[in-house]
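S.K.: Pasting data-v6.cif below, which is mmCIF, C-alpha atoms and all ligand atoms.
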data_coords
#
loop_
_atom_site.label_atom_id
_atom_site.label_comp_id
_atom_site.auth_asym_id
_atom_site.auth_seq_id
_atom_site.Cartn_x
_atom_site.Cartn_y
_atom_site.Cartn_z
CA MET A 1 122.85 33.68 143.27
CA GLU A 2 122.04 37.35 142.83
CA LEU A 3 119.00 38.45 144.74
CA ARG A 4 116.88 41.44 143.76
CA ILE A 5 114.71 43.64 145.99
CA ASN A 6 111.09 44.62 145.36
CA SER A 7 111.66 48.17 144.14
CA GLU A 8 107.97 49.18 144.18
CA ARG A 9 107.70 48.12 147.81
CA LEU A 10 110.77 50.19 148.71
CA GLN A 11 109.30 53.21 146.92
CA GLU A 12 105.98 52.79 148.73
CA SER A 13 107.82 52.77 152.07
CA LEU A 14 109.85 55.84 151.13
CA ALA A 15 106.68 57.64 150.08
CA GLU A 16 104.80 56.70 153.27
CA LEU A 17 107.70 57.69 155.51
CA GLY A 18 108.10 60.90 153.52
CA GLN A 19 104.60 61.91 154.62
CA ILE A 20 105.79 62.21 158.22
CA GLY A 21 107.09 65.69 158.93
CA THR A 22 106.40 66.66 155.35
CA ILE A 23 106.99 70.33 154.52
CA GLN A 24 106.20 72.26 151.38
CA SER A 25 109.27 73.67 149.69
CA GLU A 26 109.64 76.78 147.56
CA TYR A 27 109.48 74.48 144.54
CA PRO A 28 105.90 73.84 143.32
CA GLY A 29 104.80 70.29 144.07
CA ILE A 30 108.06 69.34 145.76
CA SER A 31 107.89 68.48 149.46
CA GLY A 32 110.66 67.78 151.90
CA VAL A 33 110.69 66.74 155.53
CA CYS A 34 111.38 68.34 158.87
CA ARG A 35 111.90 65.62 161.51
CA LEU A 36 114.23 67.13 164.08
CA ALA A 37 115.75 64.60 166.46
CA LEU A 38 113.27 63.33 169.08
CA SER A 39 110.53 65.63 167.85
CA GLU A 40 106.97 64.29 167.47
CA GLU A 41 107.69 63.80 163.77
CA ASP A 42 110.85 61.80 164.51
CA ALA A 43 108.92 59.71 167.04
CA ASP A 44 106.13 59.07 164.53
CA ALA A 45 108.68 57.98 161.93
CA ARG A 46 110.30 55.66 164.46
CA ARG A 47 106.94 54.11 165.37
CA LEU A 48 106.06 53.55 161.70
CA VAL A 49 109.39 51.86 161.04
CA ILE A 50 109.21 49.71 164.18
CA GLY A 51 105.83 48.47 162.94
CA TRP A 52 107.45 47.42 159.66
CA MET A 53 110.30 45.73 161.53
CA LYS A 54 107.90 43.74 163.71
CA ARG A 55 105.91 42.73 160.62
CA GLU A 56 109.11 40.98 159.48
CA ASN A 57 109.27 39.17 162.82
CA LEU A 58 112.35 41.07 163.90
CA GLU A 59 113.04 41.40 167.61
CA VAL A 60 113.16 45.10 168.45
CA SER A 61 115.29 46.55 171.24
CA ILE A 62 115.86 50.21 172.16
CA ASP A 63 118.94 51.37 174.01
CA GLN A 64 119.41 54.13 176.55
CA ILE A 65 120.11 56.80 173.91
CA GLY A 66 117.09 55.77 171.83
CA ASN A 67 118.89 53.76 169.16
CA ILE A 68 116.56 51.12 167.70
CA TYR A 69 117.93 47.65 166.86
CA ALA A 70 115.76 45.08 165.06
CA THR A 71 117.31 41.62 164.80
CA GLY A 72 116.35 38.54 162.82
CA PRO A 73 117.86 35.13 163.62
CA GLY A 74 120.55 33.48 161.56
CA ARG A 75 121.31 29.79 161.19
CA ASP A 76 124.02 30.26 163.82
CA ASN A 77 123.02 32.80 166.45
CA THR A 78 126.27 32.42 168.32
CA LEU A 79 127.87 34.53 165.55
CA ALA A 80 127.95 38.33 165.64
CA PRO A 81 125.31 39.88 163.34
CA ILE A 82 125.69 41.94 160.21
CA MET A 83 124.26 45.36 160.99
CA SER A 84 122.85 47.84 158.52
CA GLY A 85 120.93 51.06 159.07
CA SER A 86 121.06 54.83 159.27
CA HIS A 87 118.90 57.63 160.71
CA LEU A 88 115.33 58.96 160.47
CA ASP A 89 115.90 62.44 161.89
CA SER A 90 116.39 65.27 159.40
CA VAL A 91 117.56 68.85 159.11
CA PRO A 92 114.78 71.48 159.08
CA THR A 93 114.74 71.51 155.26
CA GLY A 94 115.44 67.83 154.74
CA GLY A 95 114.88 65.61 151.75
CA ARG A 96 113.00 62.29 151.74
CA PHE A 97 116.11 60.12 151.20
CA ASP A 98 118.82 61.34 153.63
CA GLY A 99 119.00 58.58 156.25
CA ALA A 100 115.62 57.14 155.27
CA LEU A 101 117.06 55.23 152.32
CA GLY A 102 119.52 53.44 154.59
CA VAL A 103 116.88 52.42 157.12
CA LEU A 104 114.15 51.45 154.62
CA GLY A 105 116.72 49.81 152.37
CA ALA A 106 117.83 47.56 155.23
CA ILE A 107 114.19 46.70 155.92
CA GLU A 108 113.72 45.89 152.22
CA VAL A 109 116.73 43.56 152.45
CA VAL A 110 115.04 41.62 155.24
CA ARG A 111 111.69 41.66 153.42
CA THR A 112 113.37 40.19 150.32
CA LEU A 113 115.18 37.48 152.28
CA ASN A 114 111.89 36.61 153.96
CA ASP A 115 110.15 36.51 150.56
CA HIS A 116 112.65 33.83 149.54
CA ASN A 117 112.63 32.05 152.94
CA ILE A 118 116.37 32.64 153.16
CA VAL A 119 117.97 32.45 156.60
CA THR A 120 121.52 33.78 156.51
CA ARG A 121 124.28 32.17 158.54
CA ARG A 122 124.72 35.23 160.75
CA PRO A 123 121.83 37.11 162.37
CA LEU A 124 120.93 40.45 160.76
CA THR A 125 120.32 43.67 162.70
CA ILE A 126 118.67 46.77 161.27
CA ALA A 127 119.54 49.94 163.19
CA VAL A 128 118.03 53.40 163.51
CA PHE A 129 120.39 55.81 165.26
CA THR A 130 119.32 58.79 167.31
CA ASP A 131 120.07 62.38 166.26
CA GLU A 132 122.47 61.83 163.37
CA GLU A 133 122.02 65.38 162.07
CA GLY A 134 122.93 67.27 165.21
CA CYS A 135 120.72 70.25 164.29
CA ARG A 136 118.63 70.25 167.45
CA PHE A 137 121.03 69.08 170.14
CA ALA A 138 124.18 70.63 168.68
CA THR A 139 126.37 67.58 168.12
CA ASP A 140 126.03 65.13 165.26
CA MET A 141 126.02 61.33 165.11
CA LEU A 142 124.88 61.37 168.77
CA GLY A 143 123.29 57.88 168.97
CA SER A 144 126.12 56.15 167.13
CA ALA A 145 128.78 58.05 169.06
CA VAL A 146 127.28 56.90 172.38
CA ALA A 147 126.81 53.31 171.13
CA THR A 148 130.47 53.14 170.12
CA GLY A 149 131.90 54.92 173.15
CA ARG A 150 132.98 58.30 171.74
CA ILE A 151 130.38 60.22 173.77
CA GLN A 152 129.40 59.23 177.30
CA LEU A 153 125.69 58.52 177.86
CA ALA A 154 125.38 61.02 180.73
CA ASP A 155 126.90 63.78 178.59
CA ALA A 156 124.53 62.94 175.75
CA TRP A 157 121.50 62.93 178.02
CA ARG A 158 122.44 66.40 179.31
CA LEU A 159 122.56 68.03 175.85
CA CYS A 160 119.82 70.62 175.41
CA ASP A 161 118.19 72.36 172.47
CA THR A 162 117.77 76.14 172.21
CA ASP A 163 114.61 75.88 174.36
CA ASP A 164 116.70 74.24 177.06
CA ILE A 165 114.93 70.88 176.58
CA SER A 166 117.31 67.99 177.24
CA VAL A 167 117.91 64.84 175.19
CA LYS A 168 116.95 62.72 178.18
CA SER A 169 113.63 64.47 178.74
CA GLU A 170 112.79 64.11 175.04
CA LEU A 171 113.69 60.43 175.09
CA GLU A 172 111.33 60.02 178.06
CA ARG A 173 108.58 62.16 176.51
CA THR A 174 108.62 60.27 173.18
CA GLY A 175 108.92 56.86 174.84
CA PHE A 176 112.32 56.09 173.34
CA LEU A 177 114.40 56.02 176.50
CA GLY A 178 115.19 52.34 176.09
CA ASP A 179 116.58 50.03 178.74
CA GLU A 180 119.19 48.25 176.59
CA GLN A 181 122.55 49.28 177.98
CA VAL A 182 124.52 51.29 175.42
CA GLY A 183 127.90 50.16 174.11
CA GLN A 184 127.21 46.42 174.13
CA ARG A 185 126.76 45.85 170.41
CA ARG A 186 129.72 44.87 168.27
CA PRO A 187 128.51 43.61 164.89
CA HIS A 188 130.59 41.45 162.57
CA ALA A 189 130.31 44.28 160.03
CA PHE A 190 128.29 47.46 159.51
CA ILE A 191 127.07 48.56 156.06
CA GLU A 192 125.17 51.78 155.44
CA CYS A 193 123.50 52.78 152.20
CA HIS A 194 123.04 56.54 151.80
CA VAL A 195 122.42 59.12 149.12
CA GLU A 196 125.66 60.75 148.01
CA GLN A 197 124.31 64.23 148.70
CA GLY A 198 126.56 65.62 145.98
CA PRO A 199 126.88 65.77 142.15
CA VAL A 200 129.84 63.47 141.44
CA LEU A 201 128.28 60.05 140.76
CA ARG A 202 125.45 61.45 138.63
CA HIS A 203 127.71 63.74 136.62
CA GLU A 204 130.31 61.06 136.01
CA GLY A 205 127.67 58.46 135.07
CA TYR A 206 128.17 55.96 137.90
CA ASP A 207 125.42 53.78 139.33
CA LEU A 208 126.87 53.92 142.83
CA GLY A 209 129.82 54.91 144.98
CA VAL A 210 131.94 52.63 147.18
CA VAL A 211 132.69 54.99 150.03
CA THR A 212 136.34 55.08 151.11
CA GLY A 213 135.80 57.13 154.26
CA VAL A 214 134.45 60.35 155.75
CA GLN A 215 136.20 63.71 155.98
CA GLY A 216 136.91 65.39 159.31
CA ILE A 217 134.23 67.59 160.91
CA SER A 218 134.73 70.51 163.31
CA TRP A 219 131.68 72.38 164.68
CA GLN A 220 131.81 75.34 167.01
CA ARG A 221 129.23 77.71 168.41
CA LEU A 222 130.41 81.32 168.74
CA THR A 223 128.83 83.81 171.11
CA ILE A 224 129.87 87.31 170.09
CA ILE A 225 129.18 90.00 172.70
CA GLY A 226 129.23 93.68 171.75
CA SER A 227 126.78 96.29 172.97
CA PRO A 228 123.30 97.00 171.71
CA ALA A 229 122.88 100.68 170.85
CA HIS A 230 120.76 103.03 168.77
CA ALA A 231 121.22 102.56 165.02
CA GLY A 232 120.68 106.24 164.36
CA THR A 233 122.42 108.11 167.13
CA THR A 234 125.55 105.96 167.63
CA PRO A 235 128.51 107.25 165.59
CA THR A 236 130.48 104.50 163.80
CA GLY A 237 133.52 104.96 166.06
CA PHE A 238 131.40 104.29 169.16
CA ARG A 239 129.96 100.97 167.99
CA ARG A 240 130.64 97.47 169.32
CA ASP A 241 128.67 95.72 166.60
CA ALA A 242 128.49 91.94 167.11
CA GLY A 243 126.72 91.60 163.76
CA LEU A 244 129.64 93.18 161.93
CA THR A 245 132.07 90.79 163.64
CA ALA A 246 129.97 87.78 162.65
CA ALA A 247 130.05 88.96 159.05
CA LYS A 248 133.84 89.37 159.13
CA ILE A 249 134.24 85.83 160.52
CA ASN A 250 132.02 84.45 157.76
CA ILE A 251 134.09 86.21 155.11
CA ARG A 252 137.29 84.95 156.74
CA ILE A 253 136.31 81.26 156.72
CA ARG A 254 135.43 81.56 153.03
CA GLU A 255 138.82 83.21 152.36
CA MET A 256 140.51 80.35 154.24
CA CYS A 257 138.83 77.84 151.92
CA LEU A 258 139.82 79.77 148.81
CA SER A 259 143.40 80.34 150.01
CA GLY A 260 144.47 76.73 149.40
CA ASN A 261 146.44 76.94 152.66
CA TYR A 262 144.35 74.11 154.15
CA GLY A 263 144.19 71.87 151.10
CA SER A 264 141.92 72.25 148.09
CA ASP A 265 138.93 70.52 149.72
CA MET A 266 138.37 72.52 152.87
CA ARG A 267 134.77 73.65 153.31
CA ALA A 268 133.39 76.13 155.81
CA THR A 269 129.84 77.20 156.63
CA MET A 270 128.27 79.69 159.01
CA GLY A 271 124.87 78.00 159.08
CA VAL A 272 123.42 79.79 162.09
CA VAL A 273 123.63 83.54 162.64
CA ARG A 274 121.23 84.76 165.34
CA PRO A 275 121.61 88.51 166.06
CA GLU A 276 119.99 89.94 169.19
CA PRO A 277 117.76 91.79 169.72
CA GLY A 278 117.14 91.45 165.96
CA SER A 279 115.58 94.86 165.51
CA ILE A 280 116.17 97.06 162.49
CA ASN A 281 117.10 100.09 164.59
CA VAL A 282 119.33 98.39 167.18
CA ILE A 283 122.99 97.57 166.67
CA PRO A 284 123.24 93.83 167.48
CA GLY A 285 124.73 93.52 170.94
CA ARG A 286 124.95 89.73 170.84
CA VAL A 287 125.22 87.20 168.04
CA VAL A 288 125.18 83.41 168.28
CA ALA A 289 126.83 81.97 165.16
CA THR A 290 128.02 78.49 164.20
CA VAL A 291 131.08 77.49 162.21
CA ASP A 292 131.12 74.11 160.41
CA LEU A 293 134.57 73.18 159.04
CA ARG A 294 135.17 70.09 156.91
CA ASN A 295 138.53 68.77 155.76
CA PRO A 296 139.67 65.32 154.56
CA VAL A 297 143.17 65.95 156.00
CA ASP A 298 143.43 66.07 159.80
CA ASP A 299 146.60 68.21 159.93
CA ALA A 300 145.03 70.75 157.62
CA MET A 301 141.92 70.82 159.82
CA LEU A 302 144.06 71.42 162.92
CA ALA A 303 145.87 74.26 161.14
CA ALA A 304 142.57 75.82 160.08
CA GLU A 305 141.18 75.60 163.62
CA ALA A 306 144.34 77.19 165.05
CA ASP A 307 144.34 80.02 162.50
CA LEU A 308 140.65 80.68 163.09
CA ARG A 309 141.31 80.87 166.84
CA GLU A 310 143.97 83.53 166.18
CA PHE A 311 141.64 85.45 163.89
CA LEU A 312 138.88 85.46 166.51
CA LYS A 313 141.28 87.00 169.04
CA GLU A 314 142.39 89.68 166.56
CA ILE A 315 138.92 90.60 165.37
CA ALA A 316 137.58 90.76 168.94
CA ASP A 317 140.26 93.38 169.70
CA ILE A 318 139.63 95.37 166.53
CA ASP A 319 135.84 95.37 166.95
CA GLY A 320 135.83 95.82 170.72
CA VAL A 321 133.75 92.69 171.29
CA THR A 322 134.29 89.44 173.18
CA ILE A 323 133.96 86.08 171.45
CA GLU A 324 133.30 82.83 173.30
CA SER A 325 133.77 79.62 171.32
CA GLU A 326 132.32 76.23 172.30
CA GLN A 327 133.40 73.16 170.32
CA THR A 328 130.17 71.22 169.75
CA ALA A 329 131.40 68.44 167.46
CA ARG A 330 134.81 67.20 166.41
CA THR A 331 135.51 64.01 164.47
CA PRO A 332 138.69 63.13 162.59
CA ALA A 333 138.77 61.91 159.02
CA VAL A 334 137.85 58.22 158.88
CA SER A 335 138.88 55.47 156.43
CA PHE A 336 136.52 52.53 155.88
CA ASN A 337 137.57 48.89 155.88
CA THR A 338 139.18 48.04 152.56
CA ALA A 339 138.04 44.40 152.55
CA THR A 340 134.45 45.50 153.14
CA GLN A 341 134.78 48.04 150.35
CA ALA A 342 136.10 45.28 148.09
CA THR A 343 133.08 43.12 148.87
CA ILE A 344 130.76 45.97 147.88
CA ALA A 345 132.71 46.59 144.67
CA SER A 346 132.69 42.92 143.73
CA VAL A 347 128.94 42.68 144.35
CA ALA A 348 128.42 45.75 142.17
CA ASP A 349 130.50 44.10 139.43
CA THR A 350 128.41 40.96 139.67
CA LEU A 351 125.29 43.10 139.21
CA SER A 352 126.99 44.90 136.29
CA LEU A 353 126.72 48.24 138.04
CA ARG A 354 129.25 51.01 137.39
CA HIS A 355 130.91 52.18 140.60
CA ARG A 356 133.83 54.27 141.78
CA PRO A 357 135.52 54.93 145.10
CA ILE A 358 134.32 58.17 146.68
CA LEU A 359 135.00 60.06 149.92
CA ALA A 360 131.94 61.12 151.92
CA GLY A 361 131.60 64.90 152.20
CA ALA A 362 128.89 64.54 154.86
CA GLY A 363 129.17 62.87 158.23
CA HIS A 364 127.46 59.50 158.66
CA ASP A 365 126.68 57.00 161.41
CA ALA A 366 129.08 54.60 159.69
CA GLN A 367 132.02 56.84 160.66
CA GLU A 368 131.36 55.97 164.32
CA TRP A 369 130.89 52.24 163.73
CA SER A 370 134.15 52.08 161.76
CA ARG A 371 135.98 52.32 165.10
CA VAL A 372 134.43 49.11 166.40
CA CYS A 373 133.89 46.83 163.40
CA PRO A 374 134.64 46.50 159.65
CA THR A 375 132.48 49.20 158.11
CA ALA A 376 131.78 50.65 154.68
CA MET A 377 129.06 52.55 152.82
CA ILE A 378 127.26 52.41 149.51
CA PHE A 379 126.39 55.77 147.92
CA VAL A 380 123.43 56.26 145.62
CA PRO A 381 123.54 59.10 143.06
CA GLY A 382 121.07 61.99 143.25
CA GLU A 383 119.31 64.11 140.63
CA ASN A 384 119.31 67.94 140.73
CA ASP A 385 123.13 67.94 141.11
CA GLY A 386 122.73 65.62 144.09
CA ILE A 387 121.36 68.45 146.20
CA SER A 388 120.62 67.48 149.81
CA HIS A 389 119.45 69.08 153.03
CA ASN A 390 116.91 70.50 150.60
CA ALA A 391 113.44 69.37 149.48
CA MET A 392 114.82 68.93 145.96
CA GLU A 393 116.82 65.92 147.16
CA PHE A 394 115.82 63.11 144.81
CA SER A 395 117.14 59.74 143.68
CA THR A 396 115.22 57.80 141.06
CA PRO A 397 113.64 54.41 141.86
CA GLU A 398 116.31 52.80 139.68
CA GLN A 399 119.15 54.57 141.51
CA CYS A 400 117.64 53.49 144.86
CA ALA A 401 117.10 49.91 143.68
CA ASN A 402 120.69 49.65 142.43
CA GLY A 403 122.01 50.75 145.81
CA ILE A 404 119.76 48.47 147.84
CA ASN A 405 120.38 45.49 145.54
CA VAL A 406 124.08 45.94 146.25
CA LEU A 407 123.30 46.30 149.95
CA LEU A 408 121.24 43.08 149.84
CA ASN A 409 123.90 41.02 148.11
CA THR A 410 126.71 42.52 150.20
CA ILE A 411 124.89 41.65 153.42
CA PHE A 412 124.12 38.19 152.02
CA THR A 413 127.83 37.69 151.28
CA LEU A 414 129.13 39.01 154.62
CA ALA A 415 126.51 37.06 156.57
CA GLU A 416 128.02 33.78 155.33
CA GLU A 417 131.51 34.67 156.61
CA SER A 418 132.67 32.41 159.41
CA SER A 419 135.14 34.89 160.90
O1 LIG B 501 126.29 67.31 158.73
C1 LIG B 501 126.47 66.25 158.14
O2 LIG B 501 127.47 66.06 157.51
C2 LIG B 501 125.43 65.16 158.20
O3 LIG B 501 124.39 65.48 157.30
N1 LIG B 501 124.91 64.98 159.52
MN MN B 502 122.40 61.43 156.54
MN MN B 503 122.01 64.91 156.62
#
Can the structure from this file be put into C-alpha cells for me?

M.R.:
Amino acid sequence: MELRINSERLQESLAELGQIGTIQSEYPGISGVCRLALSEEDADARRLVIGWMKRENLEVSIDQIGNIYATGPGRDNTLAPIMSGSHLDSVPTGGRFDGALGVLGAIEVVRTLNDHNIVTRRPLTIAVFTDEEGCRFATDMLGSAVATGRIQLADAWRLCDTDDISVKSELERTGFLGDEQVGQRRPHAFIECHVEQGPVLRHEGYDLGVVTGVQGISWQRLTIIGSPAHAGTTPTGFRRDAGLTAAKINIRIREMCLSGNYGSDMRATMGVVRPEPGSINVIPGRVVATVDLRNPVDDAMLAAEADLREFLKEIADIDGVTIESEQTARTPAVSFNTATQATIASVADTLSLRHRPILAGAGHDAQEWSRVCPTAMIFVPGENDGISHNAMEFSTPEQCANGINVLLNTIFTLAEESS
C-alpha cells in the first residue's frame, strides 16, 4: 500500500515555521531565516515544533545537549525505533527548507499515519538536533556528534560563541538543557530528508536523490597577528599587514582547488574574515579568518591540510606575521548504508519517482548517525540552481511532497523489519 502525505498541511507548517527568525533578503518579496543555534529564534522554533509533536501524542524527551526526541509507540515497543529528523537552527542568511524540511517532513509522516490509524511495528522517533550548522559555536553537527559519541558532552557544553557565551549557559537560558542522558539512543535505522542544496537533481530532471554519503569536512579558525600601524605614514617595507596575509591565504586555497592536486571536487571557503581594528586608515594588526575545506576523498583532504599548514608557515615568514590555527571541526567522508539506500530507491520506484545516487556536498546530522545505525538520506531538488544558505532557497510543494512521500513509505517499510 502506498501512503501519501497531506502536502498542503506540510506547506502550512513550513510557512508557519518560516515566520520564526524571518529576515528580508536583497530579493524583493523573498524572505529567509536567521535562527542561530540556541538563539531566541531557535528556541521559539523548537517550542512550536514540540507543540506539533505533542498534538500527535508523541512523548517528548530532551537530552543534555538539547536534542529533542519525540516518540510514538509501535505494536512492539521492545523493538528499536526508526528515527527521522534534522535540525531547526540556520546560518545567518538561511533558507526556509534547510533542516526544517527534514523535521517537518518527519512530523507529517506521523500525522499521516495517525490520519490512517496506522500503528507501525516499530516505534517511531522524530528528532531535532542541536546546532547542526556550527555557525555560532564553531563546530558543526554538535547535537548529533554528542549523541553518537564523537564529541564529549563536557567539551560541547564549554564551547562559546564570539561573545563568550557558552553552549551550556544557552541551553539553560532557553530551557533546553534536558535531563535525558546523551548517547543512549540507538535506533534501528535513521533516515533524513533534506534539500540537496545544489543544482544537480533539478538540472538533470530527477525527482529526488538517494544519498550515498557525505564528503569530508575540515574547519579551522586562523588568528593572524601582524602589527597595526598608520596607513599613510608606514612605508610598504615596514608593514606587518595581517589583512594582506589573509588575502594571500584565500587566494591559495582557491588555487589548491583549481590545481587538481587534491582531486577534482575539493572545495575551499574563507567564510569569515574579521580584520582588527577595522579602520580605513589602520593597517590590520590582527585578522580572525576561517577556512572550510571539503573533499570526498580522505587522503586528498589530508594532503590538502598538510600543504596548507606548510603554506601558512611560509607566508608567516614572508609577511612577518604569526598565524595560529585551531581545528574547529573535522569529519571524514562517510558512506551510507547500502541496504537502506536500496529501500529508499525501491520506494521511489514504487511511487514512479525518478531518482539517482548523489553524494552530499554539505554536512548533515545523518553523517553522525551512520556510525551507530543503518542510515541514509533522501534529497529533494531545489529551484534557483538549488541555492542554499541563502533566502532564495526554494523547493516547490511538489518537490517537497515527493521527498516526504518517499520518507513516509521508507519509514513504513523499515518499521516492519523484525531485525
Ligand atoms: O556546513 C554544512 O555543510 C552544513 O550546512 N552544516
Ligand atoms: Mn542542513
Ligand atoms: Mn545548512

S.K.: Find, counting only C-alpha atoms and all ligand atoms, the residue in A:Leu153, A:Ala360, A:Ala306, A:Ala127 that gets nearest to ligand MN 503 (chain B).

M.R.: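 Under the stated criterion, the closest residue is A:Ala360.
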
S.K.: Of the candidates A:Val200, A:Met141, A:Leu124, A:Ala246, which one gets nearest to ligand MN 503 (chain B) if we count all atoms listed in the file?

M.R.: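 Answer, going by the shortest atom-to-atom distance: A:Met141.
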
S.K.: Can you list, as a list of chain:residue names, every protein, DNA or RNA residue that comes within 10 Å of Ile68 in chain A when you count only C-alpha atoms, leaving out same-chain residues fewer than 4 positions away?

M.R.: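 The residues satisfying every condition are A:Arg46, A:Val49, A:Ile50, A:Val60, A:Ser61, A:Ile62, A:Asp63, A:Gln64, A:Gly85, A:His87, A:Thr125, A:Ile126, A:Ala127, A:Val128, A:Phe129, A:Thr130, A:Gly143, A:Phe176, A:Gly178, A:Glu180.
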
S.K.: Here's a test: counting all atoms listed in the file, identify every protein, DNA and RNA residue with an atom at most 10 Å from (131.0, 45.8, 143.5) in the file's coordinate frame, and state them as a ChimeraX atom specification.

M.R.: /A:208-210,341-356,378,406,409-410

S.K.: Pick the closest to ligand MN 503 (chain B) from A:Val214, A:Ala362, A:Ile280, A:Ile191: which is it, counting only C-alpha atoms and all ligand atoms?

M.R.: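 For ligand MN 503 (chain B), the nearest of the candidates is A:Ala362.
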